[in-house]
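Shown next: query_37.txt, given as compact mmCIF, C-alpha atoms.
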```txt
# COMPACT_ATOMS: atom_id res chain seq x y z
CA MET A 1 -4.27 -7.64 -19.33
CA THR A 2 -1.12 -8.99 -17.77
CA THR A 3 -1.61 -11.43 -14.88
CA TYR A 4 0.79 -10.75 -12.04
CA GLU A 5 -0.57 -12.81 -9.17
CA THR A 6 -3.20 -15.47 -8.65
CA SER A 7 -4.48 -14.61 -5.17
CA ARG A 8 -8.17 -13.93 -4.71
CA THR A 9 -7.26 -10.37 -3.76
CA SER A 10 -5.55 -9.92 -7.12
CA VAL A 11 -8.60 -11.23 -8.97
CA GLU A 12 -10.78 -8.71 -7.15
CA ILE A 13 -8.33 -5.89 -7.86
CA ALA A 14 -8.37 -6.76 -11.56
CA SER A 15 -12.19 -6.70 -11.67
CA GLN A 16 -12.47 -3.03 -10.74
CA PRO A 17 -13.01 -1.58 -14.23
CA GLU A 18 -16.07 -3.82 -14.52
CA THR A 19 -17.47 -3.11 -11.04
CA TRP A 20 -16.88 0.62 -11.51
CA THR A 21 -18.78 0.49 -14.81
CA GLN A 22 -21.71 -1.26 -13.16
CA ALA A 23 -21.75 1.22 -10.28
CA ALA A 24 -21.74 4.20 -12.64
CA ARG A 25 -24.66 2.73 -14.58
CA SER A 26 -26.65 2.11 -11.42
CA ALA A 27 -26.10 5.49 -9.77
CA GLY A 28 -29.42 6.89 -10.96
CA SER A 29 -31.35 4.08 -9.30
CA PHE A 30 -30.05 5.14 -5.88
CA ASP A 31 -31.26 8.75 -5.90
CA ALA A 32 -33.48 8.05 -2.89
CA VAL A 33 -30.52 6.67 -0.93
CA LEU A 34 -27.72 9.10 -1.67
CA PRO A 35 -27.44 12.62 -0.23
CA ARG A 36 -29.49 15.32 -1.87
CA ARG A 37 -28.06 18.64 -2.99
CA GLY A 38 -28.01 21.12 -0.12
CA GLU A 39 -28.23 18.57 2.68
CA ARG A 40 -25.75 18.82 5.53
CA VAL A 41 -24.25 15.33 5.56
CA ALA A 42 -22.03 13.25 7.81
CA VAL A 43 -20.37 10.26 6.16
CA VAL A 44 -19.18 7.51 8.51
CA GLY A 45 -17.29 4.26 8.25
CA CYS A 46 -14.53 2.19 9.81
CA GLY A 47 -11.06 1.51 8.42
CA THR A 48 -11.09 1.65 4.65
CA SER A 49 -14.68 2.89 4.61
CA TRP A 50 -13.69 5.87 6.76
CA PHE A 51 -10.98 6.86 4.30
CA ILE A 52 -13.38 6.54 1.37
CA ALA A 53 -15.85 8.65 3.36
CA HIS A 54 -13.14 11.30 3.70
CA ALA A 55 -12.56 11.36 -0.06
CA TYR A 56 -16.28 11.61 -0.82
CA ALA A 57 -16.86 14.33 1.76
CA GLN A 58 -14.15 16.47 0.18
CA LEU A 59 -15.52 15.87 -3.33
CA ARG A 60 -19.09 16.65 -2.34
CA GLU A 61 -18.43 19.83 -0.40
CA SER A 62 -15.80 21.26 -2.75
CA GLY A 63 -18.18 20.60 -5.65
CA GLY A 64 -20.81 22.82 -4.04
CA HIS A 65 -23.22 20.01 -3.22
CA GLY A 66 -23.45 20.81 0.50
CA GLU A 67 -21.53 20.85 3.76
CA THR A 68 -20.10 17.36 4.30
CA ASP A 69 -18.04 15.88 7.13
CA ALA A 70 -16.43 12.45 7.49
CA PHE A 71 -15.96 10.56 10.74
CA ALA A 72 -14.85 7.20 12.00
CA ALA A 73 -18.18 5.79 13.16
CA SER A 74 -16.90 5.51 16.74
CA GLU A 75 -15.97 9.22 16.75
CA PHE A 76 -19.23 10.71 15.48
CA PRO A 77 -19.86 13.93 17.46
CA ALA A 78 -23.02 13.31 19.47
CA GLY A 79 -25.37 16.26 19.39
CA ARG A 80 -24.12 17.77 16.15
CA ARG A 81 -26.98 18.30 13.74
CA TYR A 82 -27.04 16.87 10.21
CA ASP A 83 -29.73 16.37 7.61
CA ARG A 84 -28.42 12.92 6.75
CA ILE A 85 -25.91 10.37 7.97
CA LEU A 86 -24.46 8.16 5.23
CA ALA A 87 -22.74 4.96 6.41
CA LEU A 88 -20.29 3.01 4.28
CA THR A 89 -19.97 -0.63 5.37
CA ARG A 90 -18.92 -3.51 3.16
CA SER A 91 -20.04 -6.21 5.57
CA GLY A 92 -23.15 -4.52 6.94
CA THR A 93 -22.24 -5.95 10.35
CA THR A 94 -19.62 -3.57 11.78
CA THR A 95 -20.47 -2.86 15.39
CA GLU A 96 -19.60 0.84 15.51
CA VAL A 97 -21.66 1.62 12.41
CA LEU A 98 -24.70 -0.31 13.62
CA ASP A 99 -24.48 1.25 17.07
CA LEU A 100 -24.42 4.75 15.60
CA LEU A 101 -27.37 4.08 13.29
CA ALA A 102 -29.34 2.71 16.23
CA LYS A 103 -28.59 5.79 18.37
CA VAL A 104 -29.77 8.28 15.74
CA LYS A 105 -32.71 6.29 14.36
CA GLY A 106 -35.80 8.45 14.09
CA THR A 107 -33.90 11.70 14.66
CA VAL A 108 -32.09 12.10 11.35
CA ALA A 109 -32.35 10.50 7.90
CA THR A 110 -29.87 7.65 7.50
CA SER A 111 -28.53 5.89 4.41
CA ALA A 112 -25.99 3.17 3.86
CA VAL A 113 -23.92 1.66 1.08
CA THR A 114 -23.12 -2.02 1.60
CA ALA A 115 -22.19 -5.18 -0.28
CA ASP A 116 -24.37 -7.71 1.53
CA PRO A 117 -28.19 -7.45 1.50
CA ALA A 118 -28.55 -10.14 4.19
CA THR A 119 -27.06 -8.13 7.05
CA PRO A 120 -28.35 -5.92 9.89
CA VAL A 121 -27.58 -2.64 8.15
CA MET A 122 -30.55 -3.26 5.84
CA THR A 123 -32.93 -2.42 8.69
CA ALA A 124 -30.60 -0.23 10.72
CA ALA A 125 -30.56 2.46 7.99
CA ASP A 126 -33.60 4.13 6.46
CA ALA A 127 -32.39 3.47 2.91
CA VAL A 128 -29.64 1.25 1.55
CA ALA A 129 -27.72 0.95 -1.72
CA VAL A 130 -26.52 -2.62 -2.21
CA LEU A 131 -23.44 -3.15 -4.37
CA ASP A 132 -23.44 -6.94 -4.14
CA PHE A 133 -21.64 -7.19 -7.48
CA ALA A 134 -18.63 -5.58 -5.78
CA ASP A 135 -18.60 -7.80 -2.68
CA GLU A 136 -15.35 -9.55 -1.86
CA GLU A 137 -14.07 -12.79 -0.41
CA SER A 138 -10.84 -11.10 0.66
CA VAL A 139 -10.37 -9.72 4.15
CA VAL A 140 -8.54 -6.68 2.75
CA GLN A 141 -10.94 -4.31 0.98
CA THR A 142 -10.12 -3.26 -2.56
CA ARG A 143 -12.92 -3.25 -5.13
CA PHE A 144 -15.88 -2.60 -2.82
CA ALA A 145 -14.33 0.56 -1.45
CA THR A 146 -13.37 2.01 -4.81
CA THR A 147 -16.68 0.95 -6.39
CA ALA A 148 -18.61 2.71 -3.63
CA LEU A 149 -16.62 5.89 -4.31
CA VAL A 150 -17.32 5.57 -8.05
CA LEU A 151 -21.04 5.30 -7.27
CA LEU A 152 -20.85 8.45 -5.16
CA ARG A 153 -18.76 10.27 -7.79
CA ALA A 154 -21.21 9.30 -10.52
CA HIS A 155 -24.06 10.68 -8.43
CA LEU A 156 -22.23 13.98 -7.98
CA GLU A 157 -21.37 14.04 -11.67
CA ALA A 158 -25.04 13.61 -12.60
CA GLU A 159 -25.80 16.61 -10.38
CA ASN A 160 -23.03 18.65 -12.04
CA ALA A 161 -21.34 18.82 -8.65
CA LEU A 162 -17.82 17.54 -9.25
CA PRO A 163 -15.04 19.99 -8.41
CA ALA A 164 -13.07 21.53 -11.25
CA GLY A 165 -10.25 19.32 -12.45
CA VAL A 166 -11.78 16.02 -11.34
CA ARG A 167 -12.06 13.62 -14.24
CA THR A 168 -15.33 12.09 -15.33
CA VAL A 169 -16.17 8.61 -14.08
CA ALA A 170 -15.93 7.33 -17.66
CA ARG A 171 -12.35 8.59 -17.85
CA ALA A 172 -11.55 7.11 -14.45
CA ILE A 173 -12.74 3.70 -15.67
CA GLU A 174 -10.49 3.96 -18.72
CA ASP A 175 -7.60 4.84 -16.41
CA ALA A 176 -8.42 1.86 -14.17
CA ARG A 177 -7.80 -0.48 -17.09
CA LEU A 178 -4.45 1.19 -17.73
CA ALA A 179 -3.54 0.91 -14.04
CA LEU A 180 -3.79 -2.88 -14.19
CA ASP A 181 -0.90 -3.07 -16.66
CA LEU A 182 1.27 -0.20 -15.47
CA PRO A 183 4.74 -1.53 -14.50
CA LEU A 184 5.44 -1.19 -10.80
CA GLY A 185 9.18 -0.58 -11.24
CA ASP A 186 12.16 -1.53 -9.14
CA ALA A 187 12.17 1.77 -7.26
CA VAL A 188 8.87 0.91 -5.56
CA THR A 189 9.08 -2.87 -5.37
CA GLY A 190 12.48 -2.58 -3.70
CA ALA A 191 11.69 0.33 -1.37
CA GLU A 192 11.82 -0.07 2.40
CA GLN A 193 9.37 2.70 3.30
CA PHE A 194 6.43 4.53 1.69
CA THR A 195 4.87 7.90 2.46
CA PHE A 196 1.55 8.50 0.69
CA LEU A 197 0.43 12.09 0.11
CA GLY A 198 -2.73 13.73 -1.15
CA THR A 199 -4.54 17.05 -1.42
CA GLY A 200 -8.27 17.59 -0.94
CA TRP A 201 -10.18 14.44 -1.79
CA THR A 202 -7.02 12.53 -2.65
CA TYR A 203 -5.78 12.72 0.95
CA GLY A 204 -8.39 10.03 1.70
CA LEU A 205 -6.84 7.91 -1.06
CA ALA A 206 -3.39 8.42 0.47
CA LEU A 207 -4.67 7.20 3.82
CA GLU A 208 -6.22 4.17 2.15
CA ALA A 209 -3.07 3.34 0.16
CA GLY A 210 -1.05 3.35 3.36
CA LEU A 211 -3.59 1.08 5.05
CA LYS A 212 -3.55 -1.40 2.15
CA MET A 213 0.22 -1.69 2.31
CA ARG A 214 0.17 -2.26 6.07
CA GLU A 215 -2.69 -4.76 5.97
CA ALA A 216 -1.51 -6.92 3.08
CA ALA A 217 2.26 -6.65 3.31
CA GLY A 218 3.09 -5.40 6.80
CA ALA A 219 4.88 -2.51 5.09
CA TRP A 220 6.18 0.61 6.79
CA THR A 221 3.85 3.30 5.50
CA GLU A 222 2.67 6.75 6.51
CA ALA A 223 0.16 9.17 4.99
CA TYR A 224 -0.18 12.95 5.18
CA PRO A 225 -1.72 15.94 3.40
CA ALA A 226 0.81 16.93 0.77
CA MET A 227 1.44 20.41 2.16
CA GLU A 228 2.04 18.97 5.65
CA TYR A 229 4.73 16.61 4.41
CA ARG A 230 7.48 19.21 4.70
CA HIS A 231 6.45 20.02 8.28
CA GLY A 232 8.31 17.04 9.69
CA PRO A 233 7.41 13.85 7.78
CA ILE A 234 9.98 14.53 5.05
CA SER A 235 12.60 13.70 7.68
CA ILE A 236 11.92 9.99 7.12
CA THR A 237 12.47 10.19 3.36
CA GLY A 238 15.80 9.23 1.81
CA PRO A 239 17.44 6.73 -0.54
CA GLY A 240 15.40 3.57 -0.86
CA ARG A 241 12.24 5.30 0.35
CA VAL A 242 9.23 6.43 -1.66
CA ALA A 243 6.96 9.48 -1.51
CA TRP A 244 3.81 8.61 -3.49
CA LEU A 245 1.58 11.55 -4.38
CA PHE A 246 -2.08 11.29 -5.36
CA GLY A 247 -3.05 14.38 -7.31
CA PRO A 248 -1.07 17.50 -8.24
CA ALA A 249 2.27 18.20 -6.59
CA PRO A 250 2.61 21.42 -4.54
CA ASP A 251 5.26 23.77 -5.89
CA GLY A 252 8.76 22.70 -4.99
CA LEU A 253 7.79 19.33 -3.51
CA ALA A 254 9.51 17.25 -6.19
CA ASP A 255 12.74 19.20 -5.70
CA ASP A 256 12.59 18.72 -1.94
CA ILE A 257 12.15 14.96 -2.28
CA ALA A 258 15.01 14.76 -4.78
CA ARG A 259 17.21 16.80 -2.45
CA VAL A 260 16.90 14.22 0.34
CA GLY A 261 17.37 11.28 -2.04
CA GLY A 262 13.81 9.94 -2.03
CA HIS A 263 11.91 8.56 -5.01
CA LEU A 264 8.76 10.47 -6.02
CA VAL A 265 5.80 8.66 -7.55
CA SER A 266 3.54 11.37 -8.96
CA LEU A 267 0.96 11.62 -11.71
CA SER A 268 1.97 15.19 -12.46
CA ALA A 269 5.70 14.45 -12.45
CA ASP A 270 5.58 11.53 -14.87
CA GLY A 271 3.44 11.66 -17.99
CA ALA A 272 3.40 7.87 -18.17
CA ARG A 273 1.39 7.87 -14.92
CA SER A 274 -1.28 10.31 -16.03
CA LEU A 275 -4.12 8.49 -14.30
CA ASP A 276 -7.16 9.46 -12.32
CA PRO A 277 -6.05 9.35 -8.65
CA LEU A 278 -8.58 6.61 -7.87
CA ALA A 279 -7.08 4.52 -10.68
CA ASP A 280 -3.65 5.20 -9.21
CA LEU A 281 -4.92 3.62 -6.00
CA ILE A 282 -5.25 0.39 -8.00
CA VAL A 283 -1.50 0.54 -8.65
CA ALA A 284 -0.91 0.84 -4.90
CA GLN A 285 -3.22 -2.14 -4.31
CA ARG A 286 -1.23 -4.19 -6.80
CA LEU A 287 1.99 -3.16 -5.09
CA ALA A 288 0.61 -4.25 -1.72
CA VAL A 289 -0.12 -7.74 -3.09
CA HIS A 290 3.27 -7.91 -4.81
CA LEU A 291 5.13 -7.01 -1.62
CA ALA A 292 3.03 -9.38 0.47
CA GLU A 293 3.88 -12.32 -1.74
CA ALA A 294 7.55 -11.29 -2.00
CA ARG A 295 7.71 -11.34 1.80
CA GLY A 296 6.02 -14.72 2.05
CA TYR A 297 2.65 -13.43 3.24
CA ASP A 298 -0.73 -14.56 1.98
CA PRO A 299 -2.60 -11.41 0.87
CA ASP A 300 -5.90 -13.27 1.18
CA ARG A 301 -5.24 -13.97 4.87
CA PRO A 302 -3.56 -10.92 6.39
CA ARG A 303 -2.17 -11.14 9.88
CA ASN A 304 -4.36 -10.16 12.83
CA LEU A 305 -7.33 -9.15 10.66
CA THR A 306 -10.87 -10.36 10.05
CA ARG A 307 -13.35 -9.40 7.35
CA SER A 308 -15.63 -7.57 9.79
CA VAL A 309 -15.13 -6.29 13.31
CA ILE A 310 -18.04 -7.30 15.52
CA LEU A 311 -17.37 -6.25 19.10
CA GLY A 312 -18.48 -8.46 21.96
CA THR A 313 -18.36 -11.61 19.84
CA GLU A 314 -15.97 -13.37 17.51
CA SER A 315 -15.07 -11.26 14.47
CA VAL A 316 -15.92 -12.74 11.10
```

Any chance you could give the structure as structure tokens?
Amino acid sequence: MTTYETSRTSVEIASQPETWTQAARSAGSFDAVLPRRGERVAVVGCGTSWFIAHAYAQLRESGGHGETDAFAASEFPAGRRYDRILALTRSGTTTEVLDLLAKVKGTVATSAVTADPATPVMTAADAVAVLDFADEESVVQTRFATTALVLLRAHLEAENALPAGVRTVARAIEDARLALDLPLGDAVTGAEQFTFLGTGWTYGLALEAGLKMREAAGAWTEAYPAMEYRHGPISITGPGRVAWLFGPAPDGLADDIARVGGHLVSLSADGARSLDPLADLIVAQRLAVHLAEARGYDPDRPRNLTRSVILGTESV
């Protein structure tokens, strides 16, 4: 594997094929924690975890596993009935997540996926899956978020509940290794603006890619459902600007981007980028670190951010 950077964030990005492999192998041991087939489920999180929740909710419901919604923890609709609430929280200390779990305790089954077993979420939720092997020192989430989604995908795969066209987890892990060596290219490293697009479950990945670029590099990024892009957002695209698509391209989209002079990054438009969309997110993570360092930023210490948001006290 080629080494591009030496930041801690880069080390954690490069470790994802291994953490994904471990998560896939452990999925069966978390059957009592993860949603059961047929349950009506709400998946909640904050920041990156919310976007991963969105991707999982789309995968689960479209695979026929059960009605699934995703919410920012602070926006959970009080009074709406679910069979289970699943919280995603790397730190296990995020205020909004803990507050929600406390409010619903005893009224609905709750589960959580976290990286740290020595945090309040261990008692706040009824059942917890701990992915401590995917924990991070970095403020900006990379491997924990993707590893949590691999765990959830592997669980759906074991239940034969992945939507048609979604690659197996084993294939995604192979693609993750390829993503670590895929050249970034001058068209993206030199771009001034990025619009990330997705369809279905990959819209959550588009949201997360945009967040990574803003957090690490202070980049100008936006994210939209792919079919919504032509309803206004395409107006920002032009020479020196990138439209990055996770998943298949809607008919005519590539031509529209070319017409306005933008550069399209798309798995379906370039055979050399035939990766699982989650593996393609690794490429976006690498780009975020590259741009951060090119702009003189420290990707391990992003501006204005802390590892966990704990309201009413100092964030950590």

Taking (-17.2, 9.8, -8.3) as a centre in this file's frame and 9 Å as the limit, can you find every polymer residue with an atom that close, using only C-alpha atoms, and give them as number ranges by chain? A: 24, 56, 59, 148-157, 162, 166-169, 172

Using the file's own x, y and z axes, so that the box edges lie along x, y and z, what centre and edge lengths in Å (one decimal) does a box around every listed atom of range 36-51 of chain A get when 8 Å is added on each side? Give it as lines of an AutoDock Vina configuration file.
```
center_x = -20.2
center_y = 11.3
center_z = 3.4
size_x = 34.5
size_y = 35.6
size_z = 28.8
```

Pick out the residues sitting within 6 Å of range 208-221 of chain A, and hand them over as a PyMOL selection string; count only C-alpha atoms, and ignore anything fewer than 6 positions along from it in its own chain. chain A and resi 51+193-195+288+291-292+299+302

Top pick for closest residue to Gln58 in chain A, considering A:Leu205, A:Ala72, A:Ala226, A:Leu197 and counting all atoms listed in the file: A:Leu205

What does the distance from CA of Leu287 in chain A to CA of Val44 in chain A come to in Å, to one decimal? 27.3 Å

Given all atoms listed in the file as the counted atoms, nearest of A:Gly47, A:Gly185, A:Gly240, A:Gly106 to His263 in chain A: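 Distance minimum relative to His263 in chain A lands on A:Gly240.
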
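The space between CA of Gly45 in chain A and CA of Ala179 in chain A spans 26.4 Å.
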
Close residues, range 128-132 of chain A itself excluded, 8 Å, all atoms listed in the file, min 6 positions apart in chain, as JSON, numbers by chain: {"A": [23, 30, 33, 111, 112, 113, 114, 115, 116, 117, 121, 122, 144, 148]}

Expressed in Å to a single decimal, how great is the separation between CA of Thr21 in chain A and CA of Thr202 in chain A? 20.8 Å

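Between Arg171 in chain A and the candidates A:Ser274, A:Ser49, A:Thr68, A:Gln22, the tightest atom-to-atom separation, counting all atoms listed in the file, involves A:Ser274.
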
Determine, counting only C-alpha atoms, which protein, DNA and RNA residues have an atom within 12 Å of an atom of range 5-15 of chain A; residues of the same chain fewer than 6 positions away are not included. Present the result as an MDAnalysis selection string. chainID A and resid 21:22 133:147 173 176:181 212 216 279 281:294 297:302

Print the selection's residues with C-alpha atoms to a file, as a compact mmCIF listing (two decimals), keeping the file's coordinate frame.
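Result saved to selection.txt:
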```txt
# COMPACT_ATOMS: atom_id res chain seq x y z
CA THR A 21 -18.78 0.49 -14.81
CA GLN A 22 -21.71 -1.26 -13.16
CA PHE A 133 -21.64 -7.19 -7.48
CA ALA A 134 -18.63 -5.58 -5.78
CA ASP A 135 -18.60 -7.80 -2.68
CA GLU A 136 -15.35 -9.55 -1.86
CA GLU A 137 -14.07 -12.79 -0.41
CA SER A 138 -10.84 -11.10 0.66
CA VAL A 139 -10.37 -9.72 4.15
CA VAL A 140 -8.54 -6.68 2.75
CA GLN A 141 -10.94 -4.31 0.98
CA THR A 142 -10.12 -3.26 -2.56
CA ARG A 143 -12.92 -3.25 -5.13
CA PHE A 144 -15.88 -2.60 -2.82
CA ALA A 145 -14.33 0.56 -1.45
CA THR A 146 -13.37 2.01 -4.81
CA THR A 147 -16.68 0.95 -6.39
CA ILE A 173 -12.74 3.70 -15.67
CA ALA A 176 -8.42 1.86 -14.17
CA ARG A 177 -7.80 -0.48 -17.09
CA LEU A 178 -4.45 1.19 -17.73
CA ALA A 179 -3.54 0.91 -14.04
CA LEU A 180 -3.79 -2.88 -14.19
CA ASP A 181 -0.90 -3.07 -16.66
CA LYS A 212 -3.55 -1.40 2.15
CA ALA A 216 -1.51 -6.92 3.08
CA ALA A 279 -7.08 4.52 -10.68
CA LEU A 281 -4.92 3.62 -6.00
CA ILE A 282 -5.25 0.39 -8.00
CA VAL A 283 -1.50 0.54 -8.65
CA ALA A 284 -0.91 0.84 -4.90
CA GLN A 285 -3.22 -2.14 -4.31
CA ARG A 286 -1.23 -4.19 -6.80
CA LEU A 287 1.99 -3.16 -5.09
CA ALA A 288 0.61 -4.25 -1.72
CA VAL A 289 -0.12 -7.74 -3.09
CA HIS A 290 3.27 -7.91 -4.81
CA LEU A 291 5.13 -7.01 -1.62
CA ALA A 292 3.03 -9.38 0.47
CA GLU A 293 3.88 -12.32 -1.74
CA ALA A 294 7.55 -11.29 -2.00
CA TYR A 297 2.65 -13.43 3.24
CA ASP A 298 -0.73 -14.56 1.98
CA PRO A 299 -2.60 -11.41 0.87
CA ASP A 300 -5.90 -13.27 1.18
CA ARG A 301 -5.24 -13.97 4.87
CA PRO A 302 -3.56 -10.92 6.39
```

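Across A:Ala27, A:Gly252, A:Arg36, A:Gly79, the tightest approach to Arg230 in chain A is made by A:Gly252 when counting all atoms listed in the file.
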